[in-house]
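Just query08.cif here, mmCIF, C-alpha atoms:
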data_query
#
loop_
_atom_site.label_atom_id
_atom_site.label_comp_id
_atom_site.auth_asym_id
_atom_site.auth_seq_id
_atom_site.Cartn_x
_atom_site.Cartn_y
_atom_site.Cartn_z
CA MET A 1 0.23 0.34 4.25
CA ASN A 2 -1.99 2.57 6.20
CA ARG A 3 -4.07 4.70 3.81
CA LYS A 4 -6.38 7.20 5.50
CA LEU A 5 -8.66 8.65 2.86
CA ILE A 6 -11.31 11.17 2.10
CA GLY A 7 -13.30 10.69 -1.03
CA ALA A 8 -13.25 11.70 -4.62
CA SER A 9 -16.08 14.11 -4.00
CA ALA A 10 -13.71 16.24 -1.96
CA VAL A 11 -11.24 16.60 -4.81
CA PRO A 12 -11.96 19.92 -6.53
CA GLY A 13 -13.71 19.23 -9.81
CA ALA A 14 -12.57 22.63 -11.05
CA LEU A 15 -9.04 21.32 -11.43
CA ALA A 16 -8.50 20.60 -15.11
CA PRO A 17 -5.76 18.33 -16.42
CA ALA A 18 -2.86 20.14 -17.95
CA GLY A 19 -1.73 18.85 -21.30
CA CYS A 20 1.88 17.83 -21.55
CA SER A 21 4.26 16.38 -24.06
CA GLY A 22 7.24 14.19 -23.30
CA ASN A 23 10.81 15.44 -23.64
CA ALA A 24 13.76 13.29 -24.55
CA ALA A 25 14.88 11.31 -21.52
CA GLY A 26 17.82 12.82 -19.70
CA GLY A 27 17.48 16.25 -21.31
CA ALA A 28 17.03 19.50 -19.41
CA ALA A 29 13.33 19.66 -18.69
CA ALA A 30 12.83 23.38 -18.47
CA GLY A 31 15.15 24.51 -21.19
CA GLY A 32 17.00 27.81 -21.42
CA GLY A 33 16.90 29.87 -18.24
CA ALA A 34 13.52 28.58 -17.09
CA ALA A 35 15.22 26.55 -14.34
CA ASP A 36 17.15 29.51 -12.89
CA GLY A 37 16.11 29.99 -9.28
CA ALA A 38 13.20 27.55 -9.53
CA GLU A 39 12.42 25.33 -6.57
CA LEU A 40 10.72 22.00 -7.24
CA ARG A 41 8.72 20.63 -4.31
CA VAL A 42 8.29 16.87 -4.12
CA TRP A 43 5.87 15.41 -1.58
CA LEU A 44 6.80 11.94 -0.36
CA VAL A 45 4.60 10.23 2.18
CA GLY A 46 5.91 8.35 5.18
CA GLU A 47 9.40 6.91 5.53
CA ASP A 48 9.23 4.14 2.91
CA THR A 49 11.43 5.97 0.38
CA PRO A 50 15.01 5.33 1.58
CA GLN A 51 17.40 8.20 2.16
CA GLU A 52 19.70 6.95 -0.60
CA ALA A 53 16.89 7.38 -3.13
CA ARG A 54 16.06 10.84 -1.83
CA ASP A 55 19.69 11.90 -2.12
CA TYR A 56 19.95 10.47 -5.64
CA LEU A 57 16.84 12.36 -6.73
CA VAL A 58 18.07 15.70 -5.40
CA GLU A 59 21.61 15.35 -6.73
CA THR A 60 20.63 14.04 -10.17
CA PHE A 61 17.86 16.57 -10.67
CA GLU A 62 20.03 19.55 -9.72
CA ALA A 63 22.86 18.29 -11.95
CA GLU A 64 20.47 17.98 -14.92
CA ASN A 65 18.66 21.28 -14.26
CA GLU A 66 21.29 23.90 -13.56
CA GLY A 67 20.00 26.73 -11.40
CA ALA A 68 17.03 24.76 -10.05
CA THR A 69 16.74 23.11 -6.67
CA LEU A 70 14.62 20.18 -5.53
CA VAL A 71 13.16 20.02 -2.03
CA ILE A 72 11.57 16.88 -0.60
CA GLU A 73 8.75 17.54 1.84
CA GLU A 74 7.75 14.46 3.84
CA GLN A 75 4.06 14.12 4.66
CA GLN A 76 2.18 11.58 6.78
CA TRP A 77 -0.38 9.06 5.54
CA THR A 78 -2.98 10.17 8.05
CA GLY A 79 -5.05 12.87 6.37
CA ILE A 80 -2.92 12.93 3.20
CA VAL A 81 -5.86 13.21 0.78
CA ASP A 82 -7.27 16.16 2.69
CA LEU A 83 -3.86 17.78 2.52
CA LEU A 84 -3.41 17.02 -1.18
CA THR A 85 -6.87 18.30 -2.02
CA THR A 86 -6.22 21.61 -0.29
CA ALA A 87 -2.68 22.04 -1.59
CA MET A 88 -3.41 21.22 -5.22
CA SER A 89 -6.38 23.56 -5.42
CA GLY A 90 -4.44 26.55 -4.10
CA SER A 91 -1.83 28.86 -5.53
CA ASP A 92 1.08 27.07 -3.86
CA SER A 93 0.74 23.53 -5.17
CA PRO A 94 3.58 21.00 -4.77
CA ASP A 95 5.10 19.85 -8.05
CA ILE A 96 5.17 16.07 -7.62
CA VAL A 97 3.02 14.15 -5.16
CA GLU A 98 2.89 10.60 -3.86
CA MET A 99 -0.40 8.95 -2.95
CA GLY A 100 -1.59 5.45 -2.12
CA ASN A 101 -2.65 3.33 -5.07
CA THR A 102 -6.24 3.24 -3.77
CA GLN A 103 -6.27 7.05 -3.66
CA ALA A 104 -5.17 7.68 -7.25
CA ALA A 105 -8.55 7.16 -8.92
CA ALA A 106 -10.18 9.88 -6.83
CA PHE A 107 -7.76 12.48 -8.22
CA THR A 108 -7.40 11.24 -11.79
CA SER A 109 -11.17 11.24 -12.28
CA ALA A 110 -11.36 14.80 -10.97
CA GLY A 111 -8.68 16.21 -13.30
CA ALA A 112 -6.32 17.07 -10.45
CA PHE A 113 -3.21 15.74 -12.22
CA ALA A 114 -1.36 16.65 -15.41
CA ASP A 115 -1.89 14.29 -18.33
CA LEU A 116 1.20 12.06 -18.69
CA THR A 117 -0.06 10.00 -21.62
CA ASP A 118 2.67 11.30 -23.94
CA MET A 119 5.28 10.23 -21.37
CA TYR A 120 3.95 6.71 -20.84
CA GLU A 121 6.53 4.95 -23.02
CA GLU A 122 9.57 6.84 -21.80
CA LEU A 123 8.54 6.32 -18.17
CA GLY A 124 8.50 2.57 -18.69
CA GLY A 125 5.52 1.71 -20.87
CA ASP A 126 4.50 -1.92 -20.62
CA ASP A 127 7.27 -2.52 -18.08
CA LEU A 128 5.30 -0.52 -15.49
CA LEU A 129 3.23 -2.40 -12.90
CA PRO A 130 -0.07 -2.88 -14.77
CA GLY A 131 -2.41 -2.69 -11.77
CA PHE A 132 -0.89 0.61 -10.74
CA VAL A 133 -1.08 1.95 -14.30
CA GLU A 134 -4.77 1.14 -14.23
CA ALA A 135 -5.18 2.88 -10.88
CA GLY A 136 -3.47 5.99 -12.30
CA SER A 137 -5.45 6.13 -15.56
CA PHE A 138 -8.86 7.54 -16.37
CA ASP A 139 -10.94 7.76 -19.54
CA GLY A 140 -8.09 6.47 -21.71
CA ALA A 141 -5.46 8.87 -20.35
CA PHE A 142 -2.48 8.23 -18.04
CA TYR A 143 -2.14 10.60 -15.06
CA ALA A 144 -0.36 8.89 -12.14
CA ALA A 145 2.63 6.61 -12.62
CA PRO A 146 3.40 3.60 -10.44
CA TYR A 147 6.01 4.38 -7.77
CA TYR A 148 6.49 1.14 -5.86
CA SER A 149 4.49 -1.81 -4.61
CA GLY A 150 4.75 -4.23 -1.74
CA SER A 151 3.67 -7.78 -1.15
CA ARG A 152 2.19 -8.79 2.17
CA VAL A 153 3.94 -11.79 3.66
CA VAL A 154 3.62 -13.57 7.00
CA PHE A 155 6.59 -13.18 9.32
CA TYR A 156 6.92 -15.63 12.18
CA ASN A 157 9.08 -16.35 15.21
CA THR A 158 10.82 -19.61 14.32
CA ALA A 159 11.85 -20.31 17.93
CA MET A 160 8.26 -20.06 19.16
CA PHE A 161 7.03 -22.25 16.30
CA GLU A 162 9.58 -24.89 17.19
CA GLU A 163 8.78 -24.72 20.89
CA ALA A 164 5.06 -25.16 20.17
CA GLY A 165 5.67 -27.93 17.64
CA ILE A 166 3.92 -25.97 14.88
CA GLU A 167 4.66 -26.46 11.19
CA VAL A 168 4.32 -23.68 8.62
CA PRO A 169 0.63 -23.72 7.59
CA THR A 170 -0.28 -24.59 4.01
CA THR A 171 -3.98 -23.54 3.98
CA LEU A 172 -6.00 -20.72 5.52
CA ASP A 173 -7.64 -23.13 7.95
CA GLU A 174 -4.22 -24.33 9.09
CA TYR A 175 -3.10 -20.70 9.47
CA VAL A 176 -6.00 -19.89 11.79
CA ALA A 177 -5.51 -23.14 13.72
CA ALA A 178 -1.79 -22.40 14.13
CA ALA A 179 -2.57 -18.93 15.50
CA GLU A 180 -5.04 -20.41 17.97
CA ARG A 181 -2.58 -23.06 19.13
CA LEU A 182 0.29 -20.58 19.44
CA ALA A 183 -1.84 -18.18 21.51
CA GLU A 184 -2.64 -21.04 23.90
CA THR A 185 0.92 -22.32 24.27
CA THR A 186 2.92 -19.08 24.29
CA GLY A 187 0.70 -16.69 26.22
CA VAL A 188 1.19 -13.99 23.55
CA SER A 189 -0.77 -13.20 20.40
CA GLY A 190 -0.90 -16.00 17.86
CA VAL A 191 -0.92 -13.26 15.23
CA TRP A 192 -0.80 -9.50 15.87
CA TYR A 193 -4.12 -8.27 14.50
CA PRO A 194 -5.46 -4.82 15.51
CA GLY A 195 -9.17 -4.34 14.81
CA LYS A 196 -8.93 -1.62 12.16
CA ASP A 197 -6.59 -3.60 9.93
CA TRP A 198 -8.91 -4.37 7.00
CA TYR A 199 -6.09 -4.96 4.54
CA ASN A 200 -5.25 -8.32 6.08
CA ALA A 201 -8.91 -9.37 6.04
CA LEU A 202 -9.29 -9.12 2.26
CA PRO A 203 -7.46 -12.37 1.40
CA PHE A 204 -9.91 -14.36 3.53
CA ILE A 205 -12.84 -12.85 1.63
CA TRP A 206 -11.26 -13.39 -1.78
CA GLU A 207 -9.97 -16.90 -1.07
CA ASN A 208 -13.42 -18.06 -0.02
CA GLY A 209 -14.87 -16.79 -3.30
CA GLY A 210 -16.24 -13.51 -1.97
CA GLU A 211 -15.78 -9.94 -3.16
CA ILE A 212 -16.03 -6.48 -1.64
CA ALA A 213 -18.10 -5.13 -4.52
CA VAL A 214 -18.51 -5.93 -8.21
CA LEU A 215 -19.74 -3.76 -11.07
CA GLU A 216 -22.93 -5.09 -12.67
CA GLY A 217 -23.84 -2.93 -15.62
CA GLU A 218 -23.54 0.60 -14.28
CA GLN A 219 -24.26 -0.27 -10.64
CA TRP A 220 -21.95 -1.58 -7.94
CA ASP A 221 -23.15 -4.60 -5.99
CA ALA A 222 -21.50 -4.92 -2.55
CA GLN A 223 -21.04 -8.56 -1.61
CA LEU A 224 -19.62 -8.75 1.89
CA SER A 225 -22.84 -10.37 3.08
CA SER A 226 -22.62 -13.21 0.54
CA PRO A 227 -22.12 -16.73 1.96
CA GLU A 228 -18.61 -16.82 0.50
CA SER A 229 -17.58 -13.53 2.10
CA ILE A 230 -19.17 -14.53 5.41
CA ALA A 231 -17.07 -17.71 5.45
CA GLY A 232 -13.92 -15.62 5.09
CA LEU A 233 -15.03 -13.08 7.67
CA GLU A 234 -15.63 -15.86 10.20
CA GLN A 235 -12.01 -16.92 9.74
CA VAL A 236 -10.93 -13.31 10.29
CA GLN A 237 -12.91 -13.13 13.53
CA ALA A 238 -11.33 -16.37 14.74
CA LEU A 239 -7.88 -15.01 13.91
CA MET A 240 -8.59 -11.73 15.72
CA ALA A 241 -9.54 -13.73 18.82
CA THR A 242 -5.92 -14.94 19.02
CA SER A 243 -4.61 -11.38 19.14
CA GLN A 244 -3.96 -9.15 22.13
CA ALA A 245 -3.69 -6.09 19.87
CA PRO A 246 -6.11 -3.22 20.59
CA LYS A 247 -9.51 -3.98 19.10
CA ASP A 248 -9.74 -0.35 18.00
CA GLY A 249 -6.09 -0.11 16.93
CA ASP A 250 -4.66 0.12 13.42
CA GLU A 251 -1.74 -1.56 11.68
CA THR A 252 0.67 1.38 12.00
CA ASP A 253 4.06 0.15 13.28
CA ALA A 254 2.65 -3.33 13.91
CA TRP A 255 6.17 -4.71 13.63
CA VAL A 256 7.11 -3.11 16.98
CA PRO A 257 5.07 -5.43 19.23
CA PHE A 258 5.99 -8.34 16.95
CA ARG A 259 9.73 -7.75 17.22
CA GLU A 260 9.27 -7.37 20.99
CA GLU A 261 7.85 -10.92 20.95
CA GLN A 262 4.31 -9.93 21.87
CA ALA A 263 3.09 -12.05 18.94
CA VAL A 264 4.28 -15.13 17.10
CA MET A 265 3.11 -14.09 13.62
CA LEU A 266 2.58 -10.84 11.73
CA SER A 267 1.18 -10.29 8.23
CA ALA A 268 2.80 -7.13 6.86
CA PRO A 269 4.34 -5.63 3.70
CA SER A 270 7.62 -7.29 2.78
CA TRP A 271 9.66 -4.19 3.53
CA ALA A 272 8.70 -4.50 7.22
CA TYR A 273 11.51 -7.06 7.43
CA TRP A 274 14.09 -4.37 8.06
CA SER A 275 12.05 -2.84 10.90
CA ILE A 276 11.64 -6.25 12.49
CA VAL A 277 15.30 -7.28 12.65
CA ALA A 278 16.51 -3.83 13.76
CA ASP A 279 14.99 -1.11 15.91
CA GLU A 280 14.92 2.65 15.33
CA ASP A 281 18.57 2.88 16.43
CA GLN A 282 19.56 0.06 14.03
CA ALA A 283 20.27 -2.25 16.94
CA GLU A 284 19.53 -5.94 16.38
CA THR A 285 16.26 -7.14 17.87
CA ALA A 286 15.35 -10.46 19.47
CA LEU A 287 14.08 -11.72 16.11
CA ALA A 288 17.26 -11.02 14.17
CA ASP A 289 18.23 -14.70 14.39
CA SER A 290 14.78 -16.31 14.68
CA LEU A 291 12.70 -14.76 11.91
CA GLY A 292 11.01 -16.79 9.22
CA SER A 293 8.50 -15.90 6.54
CA PHE A 294 5.93 -17.51 4.28
CA ALA A 295 3.32 -16.41 1.77
CA LEU A 296 -0.15 -16.38 3.29
CA PRO A 297 -1.59 -19.72 2.18
CA GLY A 298 -4.71 -19.95 0.08
CA LYS A 299 -7.92 -21.71 1.01
CA ASP A 300 -6.86 -24.88 -0.75
CA GLY A 301 -3.09 -24.36 -0.69
CA GLY A 302 -0.70 -22.29 -2.72
CA ALA A 303 -0.39 -18.55 -2.13
CA ALA A 304 -3.45 -16.50 -1.22
CA GLN A 305 -4.61 -13.42 -3.07
CA VAL A 306 -3.36 -10.53 -0.95
CA PHE A 307 -3.91 -6.79 -1.10
CA ALA A 308 -1.37 -5.00 -3.30
CA GLY A 309 -0.21 -2.03 -1.27
CA GLY A 310 1.97 0.70 -2.70
CA SER A 311 2.00 4.17 -4.21
CA ASN A 312 1.56 6.20 -7.39
CA ILE A 313 3.23 9.50 -8.20
CA ALA A 314 1.87 12.37 -10.27
CA ILE A 315 2.31 16.00 -11.27
CA PRO A 316 -0.49 18.25 -10.00
CA ALA A 317 -2.20 20.17 -12.79
CA ALA A 318 -1.78 23.29 -10.65
CA SER A 319 2.03 23.02 -10.51
CA ASP A 320 3.83 26.04 -11.96
CA ASN A 321 6.86 23.89 -12.83
CA GLN A 322 5.45 21.34 -15.26
CA GLU A 323 8.62 20.76 -17.32
CA LEU A 324 10.90 20.56 -14.29
CA ALA A 325 8.44 18.16 -12.67
CA LYS A 326 8.64 15.94 -15.74
CA SER A 327 12.42 15.94 -15.41
CA ALA A 328 12.16 14.77 -11.80
CA LEU A 329 9.53 12.17 -12.70
CA ARG A 330 11.87 10.66 -15.29
CA ILE A 331 14.51 10.27 -12.61
CA MET A 332 12.07 8.64 -10.18
CA LEU A 333 11.06 6.08 -12.83
CA SER A 334 14.63 5.47 -14.03
CA GLU A 335 16.30 2.11 -13.58
CA GLU A 336 18.87 3.71 -11.29
CA TYR A 337 16.32 5.20 -8.88
CA GLN A 338 13.99 2.22 -8.97
CA SER A 339 16.93 -0.10 -8.27
CA ILE A 340 17.57 1.82 -5.06
CA LEU A 341 13.96 1.21 -4.03
CA ALA A 342 14.37 -2.49 -4.86
CA GLU A 343 17.52 -2.66 -2.75
CA ALA A 344 15.48 -1.30 0.15
CA GLY A 345 13.00 -4.14 -0.15
CA LEU A 346 10.28 -2.32 -2.11
CA VAL A 347 8.80 -3.87 -5.24
CA PRO A 348 9.87 -1.43 -8.00
CA ALA A 349 7.52 0.19 -10.50
CA LEU A 350 9.49 -1.43 -13.32
CA GLN A 351 8.60 -5.10 -13.57
CA SER A 352 11.97 -5.93 -15.14
CA LEU A 353 13.64 -5.03 -11.82
CA GLY A 354 11.34 -7.22 -9.75
CA GLY A 355 14.06 -9.82 -9.31
CA ASP A 356 16.30 -7.22 -7.65
CA VAL A 357 14.11 -6.77 -4.55
CA ALA A 358 16.41 -7.02 -1.57
CA ALA A 359 15.86 -9.91 0.76
CA ALA A 360 18.07 -11.14 3.56
CA THR A 361 17.60 -14.74 2.48
CA PRO A 362 16.68 -16.58 -0.72
CA GLU A 363 13.64 -17.86 1.21
CA LEU A 364 12.27 -14.34 1.74
CA ALA A 365 12.96 -13.39 -1.89
CA ALA A 366 10.93 -16.38 -3.04
CA VAL A 367 8.12 -15.54 -0.62
CA ILE A 368 7.96 -11.94 -1.88
CA ALA A 369 7.78 -13.09 -5.50
CA GLU A 370 5.08 -15.68 -4.71
CA ALA A 371 2.96 -13.14 -2.83
CA ALA A 372 3.39 -10.43 -5.48
CA ALA A 373 2.18 -12.80 -8.19
CA ASN A 374 -1.14 -13.17 -6.37
CA ALA A 375 -1.73 -9.54 -5.37
CA LYS A 376 -5.13 -7.93 -5.93
CA LEU A 377 -6.59 -4.41 -5.71
CA THR A 378 -9.72 -2.89 -4.21
CA PRO A 379 -12.78 -2.12 -6.43
CA ALA A 380 -11.78 0.11 -9.34
CA SER A 381 -14.26 2.89 -8.63
CA PRO A 382 -13.34 6.59 -8.44
CA LYS A 383 -15.64 6.68 -5.42
CA TRP A 384 -13.81 3.91 -3.58
CA ALA A 385 -11.89 6.60 -1.71
CA ASP A 386 -15.20 7.80 -0.29
CA VAL A 387 -15.74 4.37 1.23
CA GLU A 388 -12.39 4.52 2.96
CA ALA A 389 -12.93 8.13 3.93
CA ALA A 390 -16.05 7.17 5.81
CA GLN A 391 -14.00 4.63 7.79
CA LEU A 392 -16.66 2.03 6.98
CA LEU A 393 -14.27 -0.90 6.78
CA GLN A 394 -12.31 0.10 9.85
CA ASP A 395 -15.49 0.43 11.92
CA PHE A 396 -16.80 -2.87 10.56
CA PHE A 397 -13.72 -4.84 11.54
CA VAL A 398 -13.50 -3.20 14.96
CA GLN A 399 -17.00 -4.55 15.59
CA ILE A 400 -15.97 -7.97 14.31
CA ALA A 401 -12.91 -7.93 16.58
CA SER A 402 -15.25 -7.17 19.47
CA GLY A 403 -17.34 -10.26 18.71
CA GLY A 404 -20.10 -8.62 16.65
CA ASP A 405 -22.59 -10.61 14.57
CA ILE A 406 -21.00 -10.90 11.14
CA PRO A 407 -24.07 -11.45 8.89
CA SER A 408 -26.02 -8.47 10.22
CA LEU A 409 -22.97 -6.20 10.25
CA ALA A 410 -22.09 -7.26 6.69
CA GLU A 411 -25.58 -6.48 5.41
CA GLU A 412 -25.38 -3.00 6.90
CA LEU A 413 -21.93 -2.47 5.41
CA ASP A 414 -23.05 -3.61 1.95
CA ALA A 415 -25.87 -1.07 2.01
CA ASP A 416 -23.50 1.71 3.06
CA ILE A 417 -20.94 0.81 0.37
CA GLU A 418 -23.55 0.71 -2.37
CA ALA A 419 -24.95 4.06 -1.28
CA ILE A 420 -21.52 5.61 -1.77
CA LEU A 421 -20.38 3.83 -4.93
CA ASN A 422 -23.73 4.30 -6.68
CA GLY A 423 -24.48 7.74 -5.27
#
Kindly transcribe the structure held in the file into structure tokens.
Amino acid sequence: MNRKLIGASAVPGALAPAGCSGNAAGGAAAGGGAADGAELRVWLVGEDTPQEARDYLVETFEAENEGATLVIEEQQWTGIVDLLTTAMSGSDSPDIVEMGNTQAAAFTSAGAFADLTDMYEELGGDDLLPGFVEAGSFDGAFYAAPYYSGSRVVFYNTAMFEEAGIEVPTTLDEYVAAAERLAETTGVSGVWYPGKDWYNALPFIWENGGEIAVLEGEQWDAQLSSPESIAGLEQVQALMATSQAPKDGDETDAWVPFREEQAVMLSAPSWAYWSIVADEDQAETALADSLGSFALPGKDGGAAQVFAGGSNIAIPAASDNQELAKSALRIMLSEEYQSILAEAGLVPALQSLGGDVAAATPELAAVIAEAAANAKLTPASPKWADVEAAQLLQDFFVQIASGGDIPSLAEELDADIEAILNG
């Protein structure tokens, strides 16, 4: 998913975490007349949360909290951290907010969210996605709960594969070679790969034994210029050469050119399936009957380590409706609500519901599970958001897409990343 960030340094340090204690699940959160006339504002980002889930949240919350209303305010990913920073430091803070999993650490480390440690067990406990729990925790306390995750899978046009005589690749080298061959034989992109899409580059780095940055003692060591990372980045550059996507474009709505058959392959979150087989008017697309999928293969076979996209949800410390917000949070982490997300193709926050993720075919369900089992996160630094805020990775890959010299660009990027993470 597209996560445009500013850094942790922009999150107001003056925001202090509000202590909270869990209430019995299903009970009225506010108690007495505290709910009368109250309006709870929930910020959801983008269109990933299905309408059925939104309706369930509103109806269930208002039934459980007589006199209170819940309003969902949809925000956009572009500039969301700026918007959250401003809103949560003012006098009119929203009451529940969604953010990308890579954004959570910037806020938890700054005390911008209410402490949910006492609610951890009733929200799911050890059943919650562990990587997202880690992203939403700081200094031994739990602040931002997992909301949903998504596994990146490779979608492909089966008719074009058959016409070109291409088999599903089983290694990264075969994947790149297939993209090159398909671009030659079809006249369209072998894989749709806009230059700013750094999420899809990470598996090539990881699979070749490289890392973005690792913590050594108390200092971060950026490693994109290591021989292992360079090997992966060279594969990325070769893959980008098969794409007719804008070299300065991003991955937003990448499924549109793919479903219009401007590319043979697309690596995207699993939930993109529904936007590939149907357009905005829910009309079937050209790929409705010729869409296949596979887990991105690893360097030596099997499934590659892919970036784990998804979101966390939290209660701003500045919210005036802490108890009502807890009531809504319980609903959003309930089996009923999370099952709705699963039915929409999202990987639910509750691991026990992982087998319920909707898939049009058993093949896609198996691909989602295989990819999810190998998902990985970005460096666990509260300052990682600053790296993304500076658009360092986007600029780096735009230059790679334009044919830039990888070793020299990687050395410059490593220096810039270390300056931020160790600053």
**OP:** Please tell me which residues are no farther than 9 Å from (3.9, -7.6, -2.9) in the file, counting only C-alpha atoms, and write them as a PyMOL selection string.
**Re:** chain A and resi 149-153+269-270+306-310+346-347+368-375
Original post:
Which is closer to A:Pro382 than all the others in A:Ala304, A:Met99, A:Ala106, A:Ile400, using all atoms listed in the file?
Top reply: A:Ala106
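In this model, the gap between atom CA of A:Trp43 and atom CA of A:Leu84 comes to 9.4 Å.
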Subject >> Hits from the PyMOL selection byres ((chain A and resi 160) around 12), listed as an MDAnalysis selection string >> reply: chainID A and resid 156:159 161:168 178:179 181:190 261:265 286:287 290:292
Please save C-alpha atoms of the selected residues as a JSON list (two decimals), keeping the file's coordinate frame.
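Output below, filename result_25.json:
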[["chain", "number", "residue", "atom", "x", "y", "z"],
["A", 156, "TYR", "CA", 6.92, -15.63, 12.18],
["A", 157, "ASN", "CA", 9.08, -16.35, 15.21],
["A", 158, "THR", "CA", 10.82, -19.61, 14.32],
["A", 159, "ALA", "CA", 11.85, -20.31, 17.93],
["A", 161, "PHE", "CA", 7.03, -22.25, 16.30],
["A", 162, "GLU", "CA", 9.58, -24.89, 17.19],
["A", 163, "GLU", "CA", 8.78, -24.72, 20.89],
["A", 164, "ALA", "CA", 5.06, -25.16, 20.17],
["A", 165, "GLY", "CA", 5.67, -27.93, 17.64],
["A", 166, "ILE", "CA", 3.92, -25.97, 14.88],
["A", 167, "GLU", "CA", 4.66, -26.46, 11.19],
["A", 168, "VAL", "CA", 4.32, -23.68, 8.62],
["A", 178, "ALA", "CA", -1.79, -22.40, 14.13],
["A", 179, "ALA", "CA", -2.57, -18.93, 15.50],
["A", 181, "ARG", "CA", -2.58, -23.06, 19.13],
["A", 182, "LEU", "CA", 0.29, -20.58, 19.44],
["A", 183, "ALA", "CA", -1.84, -18.18, 21.51],
["A", 184, "GLU", "CA", -2.64, -21.04, 23.90],
["A", 185, "THR", "CA", 0.92, -22.32, 24.27],
["A", 186, "THR", "CA", 2.92, -19.08, 24.29],
["A", 187, "GLY", "CA", 0.70, -16.69, 26.22],
["A", 188, "VAL", "CA", 1.19, -13.99, 23.55],
["A", 189, "SER", "CA", -0.77, -13.20, 20.40],
["A", 190, "GLY", "CA", -0.90, -16.00, 17.86],
["A", 261, "GLU", "CA", 7.85, -10.92, 20.95],
["A", 262, "GLN", "CA", 4.31, -9.93, 21.87],
["A", 263, "ALA", "CA", 3.09, -12.05, 18.94],
["A", 264, "VAL", "CA", 4.28, -15.13, 17.10],
["A", 265, "MET", "CA", 3.11, -14.09, 13.62],
["A", 286, "ALA", "CA", 15.35, -10.46, 19.47],
["A", 287, "LEU", "CA", 14.08, -11.72, 16.11],
["A", 290, "SER", "CA", 14.78, -16.31, 14.68],
["A", 291, "LEU", "CA", 12.70, -14.76, 11.91],
["A", 292, "GLY", "CA", 11.01, -16.79, 9.22]]
Original post:
Between atom CA of A:Asn208 and atom CA of A:Ala295, what is the distance, to one decimal in Å?
Top reply: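 Separation between atom CA of A:Asn208 and atom CA of A:Ala295: 16.9 Å.
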Original post:
Mind listing as a PyMOL selection string all residues within 12 Å of (17.0, -4.4, 17.6), counting all atoms listed in the file?
Top reply: chain A and resi 255-256+258-261+273-289
Original post:
Could you write out as a PyMOL selection string the residues that the PyMOL selection byres ((chain A and resi 40) around 8) matches in the shown file?
Top reply: chain A and resi 38-39+41-42+68-71+94-95+321+324-325
Subject >> Spatial neighbours of A:Pro246, max dist 12 Å, only C-alpha atoms, sep filter under 3 positions, as a list in words >> reply: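 What passes the distance filter is Ser189, Trp192, Tyr193, Pro194, Gly195, Lys196, Asp197, Met240, Ala241, Thr242, Ser243, Gly249, Asp250, Glu251, Thr252, Ala254, Pro257, Phe397, Val398, Ala401 and Ser402 of chain A.
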Show me, as a tab-separated table, the residues of stretch 291-406 of chain A having an atom within 12 Å of stretch 135-147 of chain A, each with the closest atom pair and its distance in Å, using only C-alpha atoms.
residue	atom	partner	partner_atom	distance
A:Ala308	CA	A:Ala135	CA	11.6
A:Gly309	CA	A:Tyr147	CA	11.0
A:Gly310	CA	A:Tyr147	CA	7.5
A:Ser311	CA	A:Tyr147	CA	5.4
A:Asn312	CA	A:Pro146	CA	4.4
A:Ile313	CA	A:Ala145	CA	5.3
A:Ala314	CA	A:Ala144	CA	4.5
A:Ile315	CA	A:Ala144	CA	7.6
A:Pro316	CA	A:Tyr143	CA	9.3
A:Ala317	CA	A:Tyr143	CA	9.8
A:Lys326	CA	A:Ala145	CA	11.5
A:Leu329	CA	A:Ala145	CA	8.9
A:Arg330	CA	A:Ala145	CA	10.4
A:Ile331	CA	A:Tyr147	CA	11.4
A:Met332	CA	A:Tyr147	CA	7.8
A:Leu333	CA	A:Tyr147	CA	7.3
A:Ser334	CA	A:Tyr147	CA	10.7
A:Tyr337	CA	A:Tyr147	CA	10.4
A:Gln338	CA	A:Tyr147	CA	8.4
A:Ser339	CA	A:Tyr147	CA	11.8
A:Leu341	CA	A:Tyr147	CA	9.3
A:Ala342	CA	A:Tyr147	CA	11.2
A:Leu346	CA	A:Tyr147	CA	9.8
A:Val347	CA	A:Tyr147	CA	9.1
A:Pro348	CA	A:Tyr147	CA	7.0
A:Ala349	CA	A:Tyr147	CA	5.2
A:Leu350	CA	A:Pro146	CA	8.4
A:Gln351	CA	A:Pro146	CA	10.6
A:Lys376	CA	A:Ala135	CA	11.9
A:Leu377	CA	A:Ala135	CA	9.0
A:Thr378	CA	A:Ala135	CA	9.9
A:Pro379	CA	A:Ala135	CA	10.1
A:Ala380	CA	A:Ala135	CA	7.3
A:Ser381	CA	A:Ala135	CA	9.4
A:Pro382	CA	A:Phe138	CA	9.2
A:Trp384	CA	A:Ala135	CA	11.4
A:Ala385	CA	A:Ala135	CA	12.0
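Atom CA of A:Asp386 is positioned 21.6 Å from atom CA of A:Trp206.
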Original post:
For A:Val58, which residue out of A:Ala318, A:Ile72, A:Leu296, A:Val176 is the nearest one, using all atoms listed in the file?
Top reply: A:Ile72
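Among the candidates A:Asp416, A:Glu47, A:Glu411, A:Asp118, the residue lying nearest to A:Glu388 is A:Asp416 (atoms considered: all atoms listed in the file).
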**OP:** Starting from the shown file, work through the PyMOL selection byres ((chain A and resi 87) around 12) and note down what comes out as a VMD selection string.
**Re:** chain A and resid 11 to 12 15 41 43 80 to 86 88 to 97 112 316 to 319
**OP:** Find the residues around A:Gln76 up to 8 Å (all atoms listed in the file counted), leave out those fewer than 3 positions away in its own chain, and share them as an NGL selection string.
**Re:** :A and (45-46 or 79-80)
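Minimum atom-to-atom distances from A:Asn200, A:Phe113, A:Arg54, A:Asp36 to A:Gly67 were compared using all atoms listed in the file, and the lowest value belongs to A:Asp36.
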